[in-house]
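Engineer: Just dropping this structure here.
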Amino acid sequence: MSLFGIVLSLGLLMYLAYRGISVLILAPILALLAVLMSGEGNQLLGTYTQVFMTGLGGYVVKYFPLFLLGAIFGKLMDDSGSARAIAHALVKKLGDTRAILAIALSCALLTYGGVSLFVVGFAVFPIAAALFREADVPKRLIPGAIAIGSLGFTMTALPGTPAIQNAIPMPFFGTDAFAAPGLGIIGGMVMFGCGWGWMEFRARKARLANEGYGHHGDTEQAGFDLGKLPPLWVAMLPILVVVIGNYVFSKAVFPALNNSYLKEAKFGHIELSAVLGIWSIISALLLACLAIIVMNWRRWDNLKNTLNKGTMGSLLPIFNTASEVGYGSVIASLSAFAVLREMMLHMSPGNILISEAVVVNVLAGITGSASGGMSIALNTLGDTYLHLANQAGISPELLHRVAAMASGGLDSLPHNGAVITLLTICGLTHRQSYLDVFMVTIPAALAGLAVVIALGSWFGSF
């Protein structure tokens, strides 16, 4: 009955989230449903306040600075016109004969530089619509082109990306954002190649069928004024600050400092490795935000409003994800979860990487969230995976990269919030465009993950 309660709870979470009910409401209610069906109904309030809220609060404490600075950085890039300037420059360089490639690379550059995928969607869509109309490529292909660069390899595979999906494994495995760089680059190339290849196939098929952009009654081409955009070098510099700053802080600056105070009781008796990655991303994003503000000083219509909107924009995403983590904490506390835990750990006795990949993928798919699914998996099994990896001689960096890439697989099912938002921005439906989003995210991500696991198993981390 307890196992059935967990399965029923997970199924309802996935279905009701897809139906549009907020996970802030669903997560605690469905977590307590699982507790009730496990025969522990007398523990409901204690479970809510001491397990669910503790799990939620721990996630907020650990990752709120990343969500906050990331949201502010994205809003600054958007309101300054920097995001649009970069996208326009790439589109102009590649031309309308490479419409899909131009949009995919524009999104990839922005997300790798720290701009949230939501901001990327709003910034790039008007340019994509104008370009696709001019090239007579069907509008229904725009979400797939955007998804290649914003929902895939720059989020989970490329070393150094400041995305939260790349930050979550760091405190569990004592790694930084550049874990397993060679494997990440190879996996990212596979993901990008699969996604781009699919979209070009779809565009070629549409041309043969004489299907053009279509009549949508929209006016996206009037969505921006080129005369107000900053120069390309001004738009690019903050992104370079994020990537280079992250590397310098993690590899040189913080390791060179006297960090012995971290072993004191008030700092939790921790090692630098437990916070190095997060410190580095926070510092890099803060410097990048300051750089955008200073270099675009005369372009701000209302800087205070931009900062406030960025700040408020960070709250819902982090509390949605934290609620899912609280939910996972409750499920992990149930006696029946011990049975599931053993099954998951031993699904691939000869290779712990496969077990980790499957567990993270499945939980990301159920929650519809890469960060939420991975957080649940690592909060419940992270220490176990690290212990087993050490016994097997597997590098923590390899565990990090596999976990991050696995989170970006099944998370892109139809109930994923980013997928729904992207389709809404483009004015399209699941029926019109979801197949392309699915193909450039899920099969492409699984292919890249499989390559990384195979290479990592044969050659180790590099």
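Every chain in the structure tokens takes a letter, A first, then B, and so on in the order presented; its residues are numbered from 1, and the ligands are numbered from 1 following the presented order.
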Leaving out stretch 58-62 of chain A and any residue of its chain fewer than 4 positions from it, which residues lie within 8 Å of it when counting only C-alpha atoms, given as a count of residues only?

Structural biologist: 5

Engineer: Please provide the set of residues having any atom within 8 Å of A:Leu141, restricted to only C-alpha atoms, with same-chain residues fewer than 2 positions apart removed, written as a ChimeraX atom specification.

Structural biologist: /A:137-139,143-145,199,202-203,433,436

Engineer: Could you give me the residues within stretch 137-368 of chain A that DSSP places in helix (DSSP H, G or I), as a PyMOL selection string?

Structural biologist: chain A and resi 139-150+153-156+164-167+169-173+181-208+220-222+226-228+232-256+260-263+265-267+272-274+276-295+297-299+303-313+315-333+335-345+352-367

Engineer: With a distance cut-off of 10 Å and only C-alpha atoms, select the neighbouring residues of A:Gly460, excluding the residue or stretch itself and same-chain residues fewer than 2 positions from it, and output the selection as a list in words.

Structural biologist: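 The contact residues come out as Ala180, Leu183, Gly393, Ile394, Ser395, Glu397, Leu398, Val452, Ile453, Ala454, Leu455, Gly456, Ser457, Trp458 and Phe462 of chain A.
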
Engineer: When you look at A:Leu36 with a cut-off of 12 Å (counting only C-alpha atoms), what residues show up, excluding the ones that are within fewer than 3 positions of it in the same chain? I need them as a short mmCIF file (atom, residue, chain, number, x, y, z; two decimals) with N, CA and C atoms, in the first residue's frame.

Structural biologist:
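Output file part_5.cif follows:
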data_model
loop_
_atom_site.label_atom_id
_atom_site.label_comp_id
_atom_site.auth_asym_id
_atom_site.auth_seq_id
_atom_site.Cartn_x
_atom_site.Cartn_y
_atom_site.Cartn_z
N MET A 1 0.84 -1.21 0.00
CA MET A 1 0.00 0.00 0.00
C MET A 1 0.87 1.26 0.00
N SER A 2 1.98 1.18 0.74
CA SER A 2 2.88 2.34 0.82
C SER A 2 3.52 2.61 -0.53
N LEU A 3 3.94 1.54 -1.23
CA LEU A 3 4.52 1.72 -2.56
C LEU A 3 3.49 2.27 -3.53
N PHE A 4 2.27 1.77 -3.43
CA PHE A 4 1.20 2.29 -4.29
C PHE A 4 0.96 3.76 -4.01
N GLY A 5 1.04 4.16 -2.76
CA GLY A 5 0.85 5.57 -2.40
C GLY A 5 1.90 6.46 -3.03
N ILE A 6 3.16 5.99 -3.06
CA ILE A 6 4.23 6.77 -3.69
C ILE A 6 3.97 6.90 -5.19
N LEU A 8 1.09 6.57 -6.82
CA LEU A 8 -0.10 7.40 -7.04
C LEU A 8 0.23 8.88 -6.84
N SER A 9 0.99 9.18 -5.81
CA SER A 9 1.37 10.56 -5.53
C SER A 9 2.18 11.15 -6.68
N ILE A 29 0.65 18.80 -0.59
CA ILE A 29 -0.57 17.99 -0.49
C ILE A 29 -0.30 16.55 -0.92
N LEU A 30 0.38 16.39 -2.05
CA LEU A 30 0.62 15.04 -2.57
C LEU A 30 1.69 14.31 -1.76
N ALA A 31 2.61 15.04 -1.19
CA ALA A 31 3.59 14.41 -0.30
C ALA A 31 2.88 13.84 0.93
N LEU A 32 1.95 14.60 1.49
CA LEU A 32 1.22 14.13 2.67
C LEU A 32 0.24 13.01 2.31
N LEU A 33 -0.25 13.00 1.06
CA LEU A 33 -1.07 11.87 0.61
C LEU A 33 -0.26 10.57 0.66
N GLY A 39 0.34 4.62 6.03
CA GLY A 39 -0.08 4.23 7.37
C GLY A 39 0.49 5.10 8.46
N GLU A 40 1.04 6.25 8.08
CA GLU A 40 1.65 7.14 9.07
C GLU A 40 0.87 8.44 9.18
N GLY A 41 -0.46 8.32 9.13
CA GLY A 41 -1.33 9.50 9.14
C GLY A 41 -1.20 10.35 10.39
N ASN A 42 -0.78 9.75 11.50
CA ASN A 42 -0.62 10.52 12.73
C ASN A 42 0.60 11.44 12.70
N GLN A 43 1.40 11.32 11.62
CA GLN A 43 2.63 12.11 11.53
C GLN A 43 2.55 13.22 10.48
N LEU A 44 1.33 13.53 10.02
CA LEU A 44 1.19 14.46 8.90
C LEU A 44 1.79 15.83 9.19
N LEU A 45 1.39 16.44 10.30
CA LEU A 45 1.88 17.80 10.59
C LEU A 45 3.38 17.81 10.85
N THR A 47 5.54 15.75 9.62
CA THR A 47 6.20 15.55 8.32
C THR A 47 6.22 16.85 7.53
N TYR A 48 5.10 17.59 7.57
CA TYR A 48 5.04 18.84 6.81
C TYR A 48 6.04 19.87 7.33
N VAL A 330 10.13 14.21 1.63
CA VAL A 330 9.07 13.44 2.29
C VAL A 330 9.04 12.01 1.75
N ILE A 331 9.07 11.87 0.42
CA ILE A 331 9.03 10.53 -0.18
C ILE A 331 10.22 9.71 0.30
N LEU A 334 9.90 7.89 3.74
CA LEU A 334 8.96 6.79 3.93
C LEU A 334 9.69 5.45 3.89
#

Engineer: Could you name the residues that touch A:Tyr112 at 7 Å or less, counting only C-alpha atoms, but leaving out those on the same chain fewer than 2 positions away, as a PDB file with C-alpha atoms, in the first residue's frame?

Structural biologist:
ATOM      1  CA  ALA A 108      23.147  28.855 -27.089  1.00  0.00           C
ATOM      2  CA  LEU A 109      25.464  31.822 -26.691  1.00  0.00           C
ATOM      3  CA  LEU A 110      23.003  33.644 -24.449  1.00  0.00           C
ATOM      4  CA  GLY A 114      24.006  33.038 -17.982  1.00  0.00           C
ATOM      5  CA  THR A 154      24.406  24.789 -22.843  1.00  0.00           C
ATOM      6  CA  THR A 161      27.830  27.058 -17.741  1.00  0.00           C
TER       7      THR A 161
END

Engineer: Go through stretch 378-407 of chain A and flag each residue having an atom no more than 7 Å from stretch 353-372 of chain A; for those, report the closest pair of atoms plus their distance in Å to one decimal, using only C-alpha atoms, ordered by chain and rising number, as a tab-separated table.

Structural biologist:
residue	atom	partner	partner_atom	distance
A:Leu399	CA	A:Leu353	CA	6.9
A:Val402	CA	A:Ala357	CA	6.3
A:Ala403	CA	A:Ala357	CA	6.1
A:Ala406	CA	A:Ala357	CA	5.2
A:Ser407	CA	A:Ala370	CA	4.5

Engineer: What would the file look like if the residues just selected were written as an mmCIF file, in the first residue's frame with C-alpha atoms?

Structural biologist:
data_model
loop_
_atom_site.group_PDB
_atom_site.id
_atom_site.type_symbol
_atom_site.label_atom_id
_atom_site.label_comp_id
_atom_site.auth_asym_id
_atom_site.auth_seq_id
_atom_site.Cartn_x
_atom_site.Cartn_y
_atom_site.Cartn_z
ATOM 1 C CA LEU A 399 29.374 11.818 -11.487
ATOM 2 C CA VAL A 402 26.412 12.572 -15.826
ATOM 3 C CA ALA A 403 23.950 13.913 -13.242
ATOM 4 C CA ALA A 406 20.725 13.314 -17.191
ATOM 5 C CA SER A 407 18.616 16.099 -15.691
#

Engineer: Write out as a ChimeraX atom specification each polymer residue whose atoms come within 9 Å of A:Tyr18, counting only C-alpha atoms; drop sequence neighbours fewer than 2 positions from it.

Structural biologist: /A:13-16,20-21,368,414-417

Engineer: Let's have the selection written as a short mmCIF file (atom, residue, chain, number, x, y, z; two decimals), in the first residue's frame, with C-alpha atoms.

Structural biologist:
data_model
loop_
_atom_site.label_atom_id
_atom_site.label_comp_id
_atom_site.auth_asym_id
_atom_site.auth_seq_id
_atom_site.Cartn_x
_atom_site.Cartn_y
_atom_site.Cartn_z
CA LEU A 13 1.96 15.36 -9.32
CA MET A 14 2.86 14.92 -12.97
CA TYR A 15 -0.75 15.01 -14.24
CA LEU A 16 -1.98 17.94 -12.15
CA GLY A 20 -1.65 23.94 -14.73
CA ILE A 21 -2.01 23.62 -10.94
CA GLY A 368 8.83 18.18 -15.24
CA PRO A 414 4.82 18.19 -22.26
CA HIS A 415 4.17 19.33 -18.67
CA ASN A 416 7.56 21.07 -18.35
CA GLY A 417 7.10 24.75 -17.45
#

Engineer: Counting only C-alpha atoms, give me one row per residue of stretch 43-141 of chain A with an atom at most 12 Å from an atom of stretch 259-282 of chain A, showing the shortest contact pair and its distance in Å to one decimal, sorted by chain then residue number, as JSON lines.

Structural biologist:
{"residue": "A:Val61", "atom": "CA", "partner": "A:Ile278", "partner_atom": "CA", "distance": 11.9}
{"residue": "A:Lys62", "atom": "CA", "partner": "A:Ile278", "partner_atom": "CA", "distance": 8.7}
{"residue": "A:Tyr63", "atom": "CA", "partner": "A:Ile278", "partner_atom": "CA", "distance": 8.1}
{"residue": "A:Phe64", "atom": "CA", "partner": "A:Ile282", "partner_atom": "CA", "distance": 10.2}
{"residue": "A:Pro65", "atom": "CA", "partner": "A:Ile282", "partner_atom": "CA", "distance": 6.8}
{"residue": "A:Leu66", "atom": "CA", "partner": "A:Ile282", "partner_atom": "CA", "distance": 6.1}
{"residue": "A:Phe67", "atom": "CA", "partner": "A:Ile282", "partner_atom": "CA", "distance": 9.6}
{"residue": "A:Leu68", "atom": "CA", "partner": "A:Ile282", "partner_atom": "CA", "distance": 9.5}
{"residue": "A:Leu69", "atom": "CA", "partner": "A:Ile282", "partner_atom": "CA", "distance": 7.2}
{"residue": "A:Gly70", "atom": "CA", "partner": "A:Ile282", "partner_atom": "CA", "distance": 8.7}
{"residue": "A:Ile72", "atom": "CA", "partner": "A:Ile282", "partner_atom": "CA", "distance": 11.9}
{"residue": "A:Phe73", "atom": "CA", "partner": "A:Ile282", "partner_atom": "CA", "distance": 11.1}
{"residue": "A:Gly113", "atom": "CA", "partner": "A:Ile281", "partner_atom": "CA", "distance": 11.2}
{"residue": "A:Gly114", "atom": "CA", "partner": "A:Ile281", "partner_atom": "CA", "distance": 9.7}

Engineer: Would you mind exporting the chosen residues as a CSV table (one decimal), in the first residue's frame, restricted to N, CA and C atoms?

Structural biologist:
chain,number,residue,atom,x,y,z
A,61,VAL,N,18.2,28.0,0.9
A,61,VAL,CA,19.4,28.5,1.5
A,61,VAL,C,20.6,28.3,0.6
A,62,LYS,N,20.6,27.2,0.0
A,62,LYS,CA,21.8,26.8,-0.8
A,62,LYS,C,21.9,27.5,-2.1
A,63,TYR,N,20.7,27.7,-2.8
A,63,TYR,CA,20.8,28.1,-4.2
A,63,TYR,C,20.1,29.5,-4.5
A,64,PHE,N,19.5,30.1,-3.5
A,64,PHE,CA,18.8,31.4,-3.8
A,64,PHE,C,19.7,32.4,-4.4
A,65,PRO,N,21.0,32.6,-4.0
A,65,PRO,CA,21.8,33.6,-4.6
A,65,PRO,C,22.0,33.4,-6.1
A,66,LEU,N,22.0,32.1,-6.5
A,66,LEU,CA,22.2,31.8,-8.0
A,66,LEU,C,20.9,32.2,-8.7
A,67,PHE,N,19.8,31.8,-8.2
A,67,PHE,CA,18.5,32.2,-8.8
A,67,PHE,C,18.4,33.7,-8.9
A,68,LEU,N,18.7,34.4,-7.8
A,68,LEU,CA,18.5,35.8,-7.7
A,68,LEU,C,19.4,36.5,-8.7
A,69,LEU,N,20.7,36.3,-8.7
A,69,LEU,CA,21.6,37.0,-9.6
A,69,LEU,C,21.4,36.5,-11.0
A,70,GLY,N,21.1,35.3,-11.2
A,70,GLY,CA,20.8,34.8,-12.6
A,70,GLY,C,19.6,35.6,-13.2
A,72,ILE,N,18.4,38.5,-12.2
A,72,ILE,CA,18.7,40.0,-12.4
A,72,ILE,C,19.6,40.1,-13.7
A,73,PHE,N,20.6,39.2,-13.8
A,73,PHE,CA,21.5,39.3,-15.0
A,73,PHE,C,20.7,39.2,-16.3
A,113,GLY,N,26.1,32.1,-21.5
A,113,GLY,CA,26.5,33.3,-20.8
A,113,GLY,C,25.8,33.6,-19.6
A,114,GLY,N,24.7,32.8,-19.2
A,114,GLY,CA,24.0,33.0,-18.0
A,114,GLY,C,22.6,33.6,-18.1

Engineer: For A:His387, which residue among A:Ile186, A:Phe173, A:Ile86, A:Tyr327 is the nearest when counting only C-alpha atoms?

Structural biologist: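 Using only C-alpha atoms, the shortest distance to A:His387 belongs to A:Phe173.
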
Engineer: Neighbours of A:Leu388 within 10 Å (only C-alpha atoms; same-chain residues fewer than 6 positions away dropped), as a PyMOL selection string?

Structural biologist: chain A and resi 345+351-352+382+394

Engineer: Write a file of the selected residues as a PDB file, in the first residue's frame, keeping N, CA and C atoms.

Structural biologist:
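Everything below was put into result07.pdb:
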ATOM      1  N   LEU A 345      19.466   1.584  -7.013  1.00  0.00           N
ATOM      2  CA  LEU A 345      20.917   1.473  -6.870  1.00  0.00           C
ATOM      3  C   LEU A 345      21.468   0.232  -7.571  1.00  0.00           C
ATOM      4  N   ASN A 351      27.800  -0.703 -13.247  1.00  0.00           N
ATOM      5  CA  ASN A 351      28.110   0.672 -13.642  1.00  0.00           C
ATOM      6  C   ASN A 351      27.177   1.629 -12.917  1.00  0.00           C
ATOM      7  N   ILE A 352      27.693   2.286 -11.893  1.00  0.00           N
ATOM      8  CA  ILE A 352      26.878   3.195 -11.082  1.00  0.00           C
ATOM      9  C   ILE A 352      26.433   4.416 -11.883  1.00  0.00           C
ATOM     10  N   GLY A 382      22.702  11.077  -3.364  1.00  0.00           N
ATOM     11  CA  GLY A 382      23.986  11.663  -3.733  1.00  0.00           C
ATOM     12  C   GLY A 382      25.154  11.112  -2.941  1.00  0.00           C
ATOM     13  N   ILE A 394      35.658   5.786  -9.638  1.00  0.00           N
ATOM     14  CA  ILE A 394      35.021   6.719 -10.573  1.00  0.00           C
ATOM     15  C   ILE A 394      35.167   8.137 -10.039  1.00  0.00           C
TER      16      ILE A 394
END

Engineer: Rank A:Met53, A:Ala83, A:Ile127, A:Ile293 by their smallest atom-to-atom distance to A:Leu232, using only C-alpha atoms, and report the top residue only.

Structural biologist: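 Of the candidates, the smallest distance to A:Leu232 is held by A:Ala83.
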
Engineer: Against stretch 439-445 of chain A, which residues of stretch 174-251 of chain A fall within 8 Å? For each one I want the closest pair of atoms and the distance in Å (one decimal), counting only C-alpha atoms, rows by chain and increasing residue number, as JSON lines.

Structural biologist:
{"residue": "A:Val190", "atom": "CA", "partner": "A:Ala444", "partner_atom": "CA", "distance": 7.3}
{"residue": "A:Met191", "atom": "CA", "partner": "A:Ala444", "partner_atom": "CA", "distance": 4.7}
{"residue": "A:Phe192", "atom": "CA", "partner": "A:Ala444", "partner_atom": "CA", "distance": 7.4}
{"residue": "A:Cys194", "atom": "CA", "partner": "A:Ala444", "partner_atom": "CA", "distance": 5.3}
{"residue": "A:Gly195", "atom": "CA", "partner": "A:Val440", "partner_atom": "CA", "distance": 4.1}
{"residue": "A:Trp196", "atom": "CA", "partner": "A:Val440", "partner_atom": "CA", "distance": 7.4}
{"residue": "A:Trp198", "atom": "CA", "partner": "A:Val440", "partner_atom": "CA", "distance": 7.0}
{"residue": "A:Met199", "atom": "CA", "partner": "A:Val440", "partner_atom": "CA", "distance": 7.7}

Engineer: Would you mind reading off the distance between atom CA of A:Pro396 and atom CA of A:Gly182, one decimal, in Å?

Structural biologist: 14.6 Å

Engineer: To one decimal place, how far is atom CA of A:Ser412 from atom CA of A:Gly160 in Å?

Structural biologist: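 Value for the atom CA of A:Ser412-atom CA of A:Gly160 distance: 22.2 Å.
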
Engineer: May I ask for the distance between atom CA of A:Ser335 and atom CA of A:Leu26, given in Å to one decimal place?

Structural biologist: 21.8 Å
